[in-house]
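For reference, query.cif is printed below; it contains mmCIF, C-alpha atoms.
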```cif
data_my_file
loop_
_atom_site.group_PDB
_atom_site.id
_atom_site.type_symbol
_atom_site.label_atom_id
_atom_site.label_comp_id
_atom_site.auth_asym_id
_atom_site.auth_seq_id
_atom_site.Cartn_x
_atom_site.Cartn_y
_atom_site.Cartn_z
ATOM 1 C CA MET W 1 -193.673 -134.850 -100.789
ATOM 2 C CA PRO W 2 -190.960 -132.660 -102.402
ATOM 3 C CA GLU W 3 -190.556 -132.916 -106.152
ATOM 4 C CA PRO W 4 -187.792 -135.534 -106.618
ATOM 5 C CA THR W 5 -186.144 -133.881 -109.634
ATOM 6 C CA ARG W 6 -186.055 -130.349 -108.211
ATOM 7 C CA VAL W 7 -182.411 -130.660 -107.223
ATOM 8 C CA VAL W 8 -180.610 -128.348 -109.664
ATOM 9 C CA GLY W 9 -178.750 -126.626 -106.825
ATOM 10 C CA ARG W 10 -177.521 -129.968 -105.524
ATOM 11 C CA ARG W 11 -176.524 -130.934 -109.062
ATOM 12 C CA VAL W 12 -174.370 -127.807 -109.329
ATOM 13 C CA ALA W 13 -172.647 -128.726 -106.053
ATOM 14 C CA ALA W 14 -172.086 -132.286 -107.311
ATOM 15 C CA PHE W 15 -170.752 -130.927 -110.632
ATOM 16 C CA LEU W 16 -168.192 -128.762 -108.824
ATOM 17 C CA LEU W 17 -167.105 -131.574 -106.487
ATOM 18 C CA ASP W 18 -166.763 -134.078 -109.320
ATOM 19 C CA GLY W 19 -164.915 -131.524 -111.442
ATOM 20 C CA LEU W 20 -162.400 -130.997 -108.635
ATOM 21 C CA LEU W 21 -161.869 -134.732 -108.213
ATOM 22 C CA LEU W 22 -161.444 -135.239 -111.966
ATOM 23 C CA TRP W 23 -158.928 -132.400 -112.064
ATOM 24 C CA VAL W 24 -156.920 -134.164 -109.329
ATOM 25 C CA VAL W 25 -157.123 -137.442 -111.293
ATOM 26 C CA SER W 26 -155.959 -135.695 -114.477
ATOM 27 C CA ILE W 27 -152.997 -134.035 -112.756
ATOM 28 C CA THR W 28 -152.045 -137.363 -111.153
ATOM 29 C CA LEU W 29 -152.126 -139.125 -114.531
ATOM 30 C CA PHE W 30 -150.014 -136.343 -115.996
ATOM 31 C CA VAL W 31 -147.326 -136.647 -113.323
ATOM 32 C CA VAL W 32 -147.310 -140.450 -113.600
ATOM 33 C CA THR W 33 -146.963 -140.531 -117.399
ATOM 34 C CA ALA W 34 -144.714 -137.469 -117.903
ATOM 35 C CA ASP W 35 -140.923 -137.305 -117.814
ATOM 36 C CA LYS W 36 -139.366 -135.232 -115.078
ATOM 37 C CA VAL W 37 -136.831 -132.826 -116.599
ATOM 38 C CA PRO W 38 -134.798 -129.776 -115.512
ATOM 39 C CA SER W 39 -136.937 -126.634 -115.359
ATOM 40 C CA GLU W 40 -134.809 -124.881 -117.992
ATOM 41 C CA THR W 41 -135.613 -127.578 -120.592
ATOM 42 C CA ILE W 42 -137.314 -126.063 -123.648
ATOM 43 C CA SER W 43 -139.322 -127.986 -126.227
ATOM 44 C CA THR W 44 -140.631 -126.545 -129.481
ATOM 45 C CA SER W 45 -142.875 -129.509 -130.328
ATOM 46 C CA SER W 46 -146.499 -128.550 -131.025
ATOM 47 C CA SER W 47 -147.640 -131.688 -129.204
ATOM 48 C CA THR W 48 -145.842 -130.837 -125.957
ATOM 49 C CA LEU W 49 -147.617 -130.707 -122.609
ATOM 50 C CA ASN W 50 -145.719 -129.503 -119.568
ATOM 51 C CA LEU W 51 -146.252 -128.667 -115.934
ATOM 52 C CA GLU W 52 -143.801 -126.700 -113.842
ATOM 53 C CA VAL W 53 -143.874 -126.376 -110.059
ATOM 54 C CA ASN W 54 -141.063 -124.425 -108.400
ATOM 55 C CA ASP W 55 -137.859 -125.905 -109.878
ATOM 56 C CA GLU W 56 -139.436 -129.159 -111.041
ATOM 57 C CA ARG W 57 -140.910 -129.712 -114.488
ATOM 58 C CA TRP W 58 -142.882 -132.596 -116.023
ATOM 59 C CA LEU W 59 -142.896 -132.898 -119.785
ATOM 60 C CA LEU W 60 -145.052 -134.898 -122.217
ATOM 61 C CA GLU W 61 -144.293 -135.067 -125.917
ATOM 62 C CA GLY W 62 -145.554 -136.946 -128.957
ATOM 63 C CA SER W 63 -146.916 -140.419 -128.265
ATOM 64 C CA SER W 64 -146.671 -139.918 -124.497
ATOM 65 C CA ALA W 65 -148.939 -136.888 -124.766
ATOM 66 C CA THR W 66 -151.378 -138.924 -126.879
ATOM 67 C CA LEU W 67 -151.359 -141.724 -124.295
ATOM 68 C CA PHE W 68 -152.052 -139.213 -121.549
ATOM 69 C CA GLY W 69 -155.027 -137.858 -123.498
ATOM 70 C CA ILE W 70 -156.441 -141.360 -123.960
ATOM 71 C CA LEU W 71 -156.013 -142.216 -120.264
ATOM 72 C CA VAL W 72 -157.731 -138.994 -119.193
ATOM 73 C CA GLY W 73 -160.592 -139.628 -121.630
ATOM 74 C CA VAL W 74 -161.078 -143.164 -120.317
ATOM 75 C CA ALA W 75 -160.943 -141.959 -116.705
ATOM 76 C CA TRP W 76 -163.597 -139.327 -117.394
ATOM 77 C CA LEU W 77 -165.895 -141.813 -119.142
ATOM 78 C CA LEU W 78 -165.535 -144.323 -116.298
ATOM 79 C CA TYR W 79 -166.135 -141.648 -113.672
ATOM 80 C CA LEU W 80 -168.968 -139.709 -115.339
ATOM 81 C CA GLY W 81 -170.534 -142.522 -117.390
ATOM 82 C CA VAL W 82 -169.926 -146.071 -116.209
ATOM 83 C CA LEU W 83 -169.892 -145.369 -112.453
ATOM 84 C CA PRO W 84 -173.231 -143.477 -112.261
ATOM 85 C CA GLY W 85 -174.724 -145.843 -114.837
ATOM 86 C CA LEU W 86 -173.994 -148.899 -112.695
ATOM 87 C CA THR W 87 -174.432 -147.387 -109.228
ATOM 88 C CA GLY W 88 -176.474 -144.207 -109.667
ATOM 89 C CA TRP W 89 -173.845 -142.017 -108.048
ATOM 90 C CA THR W 90 -170.467 -140.340 -108.297
ATOM 91 C CA PRO W 91 -168.602 -139.120 -105.196
ATOM 92 C CA GLY W 92 -169.950 -135.616 -105.858
ATOM 93 C CA LYS W 93 -173.541 -136.829 -106.205
ATOM 94 C CA LEU W 94 -173.156 -138.988 -103.114
ATOM 95 C CA LEU W 95 -172.060 -135.978 -101.062
ATOM 96 C CA ALA W 96 -174.777 -133.782 -102.579
ATOM 97 C CA GLY W 97 -177.503 -136.342 -101.829
ATOM 98 C CA VAL W 98 -178.648 -137.019 -105.411
ATOM 99 C CA ARG W 99 -178.734 -140.056 -107.706
ATOM 100 C CA VAL W 100 -178.995 -140.796 -111.440
ATOM 101 C CA VAL W 101 -181.938 -143.118 -112.159
ATOM 102 C CA GLY W 102 -184.202 -144.307 -114.952
ATOM 103 C CA LYS W 103 -187.941 -143.700 -115.115
ATOM 104 C CA ASP W 104 -188.620 -146.680 -112.856
ATOM 105 C CA GLY W 105 -186.138 -145.483 -110.256
ATOM 106 C CA GLY W 106 -183.572 -148.166 -111.156
ATOM 107 C CA ARG W 107 -180.062 -147.852 -112.531
ATOM 108 C CA ILE W 108 -179.658 -146.817 -116.149
ATOM 109 C CA GLY W 109 -176.724 -149.120 -116.953
ATOM 110 C CA ALA W 110 -173.198 -148.479 -118.227
ATOM 111 C CA ALA W 111 -174.123 -147.919 -121.903
ATOM 112 C CA ARG W 112 -176.722 -145.223 -121.189
ATOM 113 C CA GLY W 113 -174.397 -143.765 -118.584
ATOM 114 C CA VAL W 114 -171.641 -143.368 -121.186
ATOM 115 C CA VAL W 115 -174.090 -141.811 -123.679
ATOM 116 C CA ARG W 116 -175.221 -139.415 -120.950
ATOM 117 C CA SER W 117 -171.622 -138.411 -120.187
ATOM 118 C CA LEU W 118 -170.664 -137.908 -123.852
ATOM 119 C CA THR W 119 -173.394 -135.287 -124.221
ATOM 120 C CA TRP W 120 -171.358 -132.967 -122.015
ATOM 121 C CA VAL W 121 -170.030 -131.850 -125.411
ATOM 122 C CA VAL W 122 -173.395 -130.055 -125.668
ATOM 123 C CA ASP W 123 -174.263 -129.483 -122.004
ATOM 124 C CA GLY W 124 -170.778 -128.146 -121.289
ATOM 125 C CA PHE W 125 -171.067 -125.293 -123.794
ATOM 126 C CA PRO W 126 -169.782 -122.546 -123.675
ATOM 127 C CA TYR W 127 -166.527 -124.106 -122.569
ATOM 128 C CA PHE W 128 -165.166 -120.952 -120.920
ATOM 129 C CA LEU W 129 -168.119 -121.311 -118.507
ATOM 130 C CA PRO W 130 -168.520 -125.116 -118.328
ATOM 131 C CA GLY W 131 -172.000 -126.524 -117.845
ATOM 132 C CA LEU W 132 -173.962 -123.334 -118.572
ATOM 133 C CA THR W 133 -176.095 -124.924 -121.292
ATOM 134 C CA GLY W 134 -176.834 -127.971 -119.114
ATOM 135 C CA PHE W 135 -177.758 -125.716 -116.195
ATOM 136 C CA ILE W 136 -180.165 -123.618 -118.274
ATOM 137 C CA VAL W 137 -181.824 -126.664 -119.859
ATOM 138 C CA ALA W 138 -182.160 -128.438 -116.494
ATOM 139 C CA GLN W 139 -183.723 -125.335 -114.962
ATOM 140 C CA SER W 140 -186.225 -124.850 -117.774
ATOM 141 C CA THR W 141 -187.467 -128.401 -118.478
ATOM 142 C CA GLN W 142 -190.399 -129.899 -116.586
ATOM 143 C CA ARG W 143 -188.418 -132.690 -114.931
ATOM 144 C CA HIS W 144 -185.153 -130.767 -114.806
ATOM 145 C CA GLN W 145 -183.338 -132.892 -117.375
ATOM 146 C CA ARG W 146 -180.259 -131.577 -119.120
ATOM 147 C CA VAL W 147 -179.681 -132.611 -122.745
ATOM 148 C CA GLY W 148 -177.793 -135.743 -121.672
ATOM 149 C CA ASP W 149 -180.658 -136.825 -119.421
ATOM 150 C CA GLN W 150 -183.179 -136.386 -122.222
ATOM 151 C CA ILE W 151 -181.110 -138.475 -124.638
ATOM 152 C CA ALA W 152 -180.347 -141.208 -122.078
ATOM 153 C CA SER W 153 -183.862 -141.148 -120.542
ATOM 154 C CA SER W 154 -182.341 -140.531 -117.134
ATOM 155 C CA PHE W 155 -183.239 -138.323 -114.183
ATOM 156 C CA VAL W 156 -181.292 -136.843 -111.298
ATOM 157 C CA VAL W 157 -183.329 -137.112 -108.107
ATOM 158 C CA ARG W 158 -182.989 -136.802 -104.371
ATOM 159 C CA ALA W 159 -181.397 -139.888 -102.845
ATOM 160 C CA GLY W 160 -184.051 -142.476 -101.976
ATOM 161 C CA MET W 161 -186.647 -141.072 -104.347
ATOM 162 C CA ALA W 162 -187.714 -141.651 -107.953
ATOM 163 C CA PRO W 163 -188.646 -139.279 -110.807
ATOM 164 C CA GLU W 164 -192.399 -139.931 -110.745
ATOM 165 C CA ALA W 165 -192.818 -140.967 -107.144
ATOM 166 C CA GLU W 166 -195.153 -138.088 -106.381
ATOM 167 C CA GLU W 167 -197.466 -138.543 -109.367
ATOM 168 C CA ARG W 168 -199.663 -141.621 -108.981
ATOM 169 C CA HIS W 169 -201.132 -143.691 -106.207
ATOM 170 C CA LEU W 170 -203.144 -146.860 -106.580
ATOM 171 C CA PRO W 171 -206.692 -146.386 -105.263
ATOM 172 C CA ALA W 172 -207.552 -148.835 -102.499
ATOM 173 C CA SER W 173 -210.447 -150.206 -104.559
ATOM 174 C CA ALA W 174 -208.356 -150.784 -107.707
ATOM 175 C CA SER W 175 -206.713 -154.029 -108.734
ATOM 176 C CA PRO W 176 -202.951 -153.808 -109.473
ATOM 177 C CA ALA W 177 -203.513 -155.903 -112.598
ATOM 178 C CA SER W 178 -205.675 -153.128 -114.044
ATOM 179 C CA ALA W 179 -203.218 -150.335 -113.299
ATOM 180 C CA THR W 180 -200.721 -148.845 -115.719
ATOM 181 C CA ALA W 181 -197.007 -148.774 -114.868
ATOM 182 C CA GLY W 182 -196.149 -146.223 -112.217
ATOM 183 C CA TRP W 183 -195.525 -145.513 -108.541
ATOM 184 C CA TYR W 184 -198.148 -146.660 -106.025
ATOM 185 C CA ALA W 185 -198.515 -147.227 -102.312
ATOM 186 C CA ASP W 186 -196.440 -150.238 -101.290
ATOM 187 C CA PRO W 187 -198.756 -153.296 -101.177
ATOM 188 C CA ARG W 188 -196.843 -154.527 -98.142
ATOM 189 C CA GLY W 189 -198.370 -151.724 -96.089
ATOM 190 C CA GLU W 190 -195.083 -149.880 -95.548
ATOM 191 C CA GLN W 191 -194.961 -146.085 -95.630
ATOM 192 C CA ARG W 192 -193.337 -145.790 -99.037
ATOM 193 C CA LEU W 193 -194.079 -146.187 -102.736
ATOM 194 C CA ARG W 194 -193.264 -149.169 -104.945
ATOM 195 C CA TYR W 195 -193.001 -149.299 -108.750
ATOM 196 C CA TRP W 196 -195.623 -151.356 -110.633
ATOM 197 C CA ASP W 197 -194.311 -152.186 -114.157
ATOM 198 C CA GLY W 198 -197.759 -152.998 -115.541
ATOM 199 C CA ASP W 199 -197.475 -156.713 -114.787
ATOM 200 C CA ASN W 200 -195.603 -157.114 -111.503
ATOM 201 C CA TRP W 201 -194.417 -155.212 -108.464
ATOM 202 C CA THR W 202 -190.685 -154.430 -108.813
ATOM 203 C CA ALA W 203 -187.932 -154.077 -106.229
ATOM 204 C CA HIS W 204 -187.744 -150.313 -106.806
ATOM 205 C CA THR W 205 -189.075 -148.231 -103.906
ATOM 206 C CA ALA W 206 -189.185 -144.544 -103.052
ATOM 207 C CA GLU W 207 -189.641 -142.835 -99.727
#
```
If you took the structure in this file and wrote it as structure tokens, what would it be?
Amino acid sequence: MPEPTRVVGRRVAAFLLDGLLLWVVSITLFVVTADKVPSETISTSSSTLNLEVNDERWLLEGSSATLFGILVGVAWLLYLGVLPGLTGWTPGKLLAGVRVVGKDGGRIGAARGVVRSLTWVVDGFPYFLPGLTGFIVAQSTQRHQRVGDQIASSFVVRAGMAPEAEERHLPASASPASATAGWYADPRGEQRLRYWDGDNWTAHTAE
């Protein structure tokens, strides 16, 4: 069975895809919230944001620029934090065939997802080469966790698998009640693993 967390290459692909989608979202929010002005319009305000394409120009100043920043921040947190926290995926991760999970293979929840996304402040350094720190940390840690994963106790794994699915199997002669929490052969006789939480079999399975 392949190691579930050995998916750094897939994570890079997902990072690039999600980055592209977030860039499109950001540009869309800019165009929606900005004022369309003649291309020769000049503003000297230090809080001005502008985008010019051919002879068309979109301009954001003052409170409008602040609102744009807030909307972009919220969109990024929803996309990178809440969505993978509640579902385990983003569009990029879905296309790359990976998921964000907790130790038991289940979803980590919105709160931990947001915490995980906020740590891109660290994982994204240096900002002229975004994600380099996260890439190095994920490559060098045993279970390929970037800083955000370590803080949020999350893992990125192949779709349909779980972070410790390859580690433990319940011996045929052992009683589930005597086993510690972990992944074991499904008691239903199916060719997959099921998570035992120390007291009961859970709904979390791994191929």
Self-check item: Picked residues, the PyMOL selection byres ((chain W and resi 100) around 7), as a PyMOL selection string
Solution: chain W and resi 84+88-89+99+101+154-157
Practice problem: List the neighbours of Leu29 of chain W out to 8 Å using all atoms listed in the file; skip same-chain residues closer than 4 positions along the sequence, and give me the result as number ranges by chain. | Solution: W: 25, 33, 68, 71-72
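Atom pair atom CA of Ala179 of chain W / atom CA of Gly105 of chain W: separated by 18.0 Å.
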Practice problem: Considering all atoms listed in the file, state which residue in the set W:Pro187, W:Pro38, W:Gly85, W:Gly102 is at the smallest distance from Ala162 of chain W. | Solution: W:Gly102
Quiz prompt | Close residues, Gln142 of chain W itself excluded, 10 Å, all atoms listed in the file, min 3 positions apart in chain, as JSON, numbers by chain | solution = {"W": [5, 6, 137, 138, 139, 145]}
Practice problem: Would you be able to write out as a ChimeraX atom specification which residues have an atom within 6 Å of (-146.0, -139.4, -121.3) in the file's coordinates, counting only C-alpha atoms? | Solution: /W:33-34,60,64-65
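When atom CA of Pro130 of chain W is paired with atom CA of Gly97 of chain W, their separation reads 21.9 Å.
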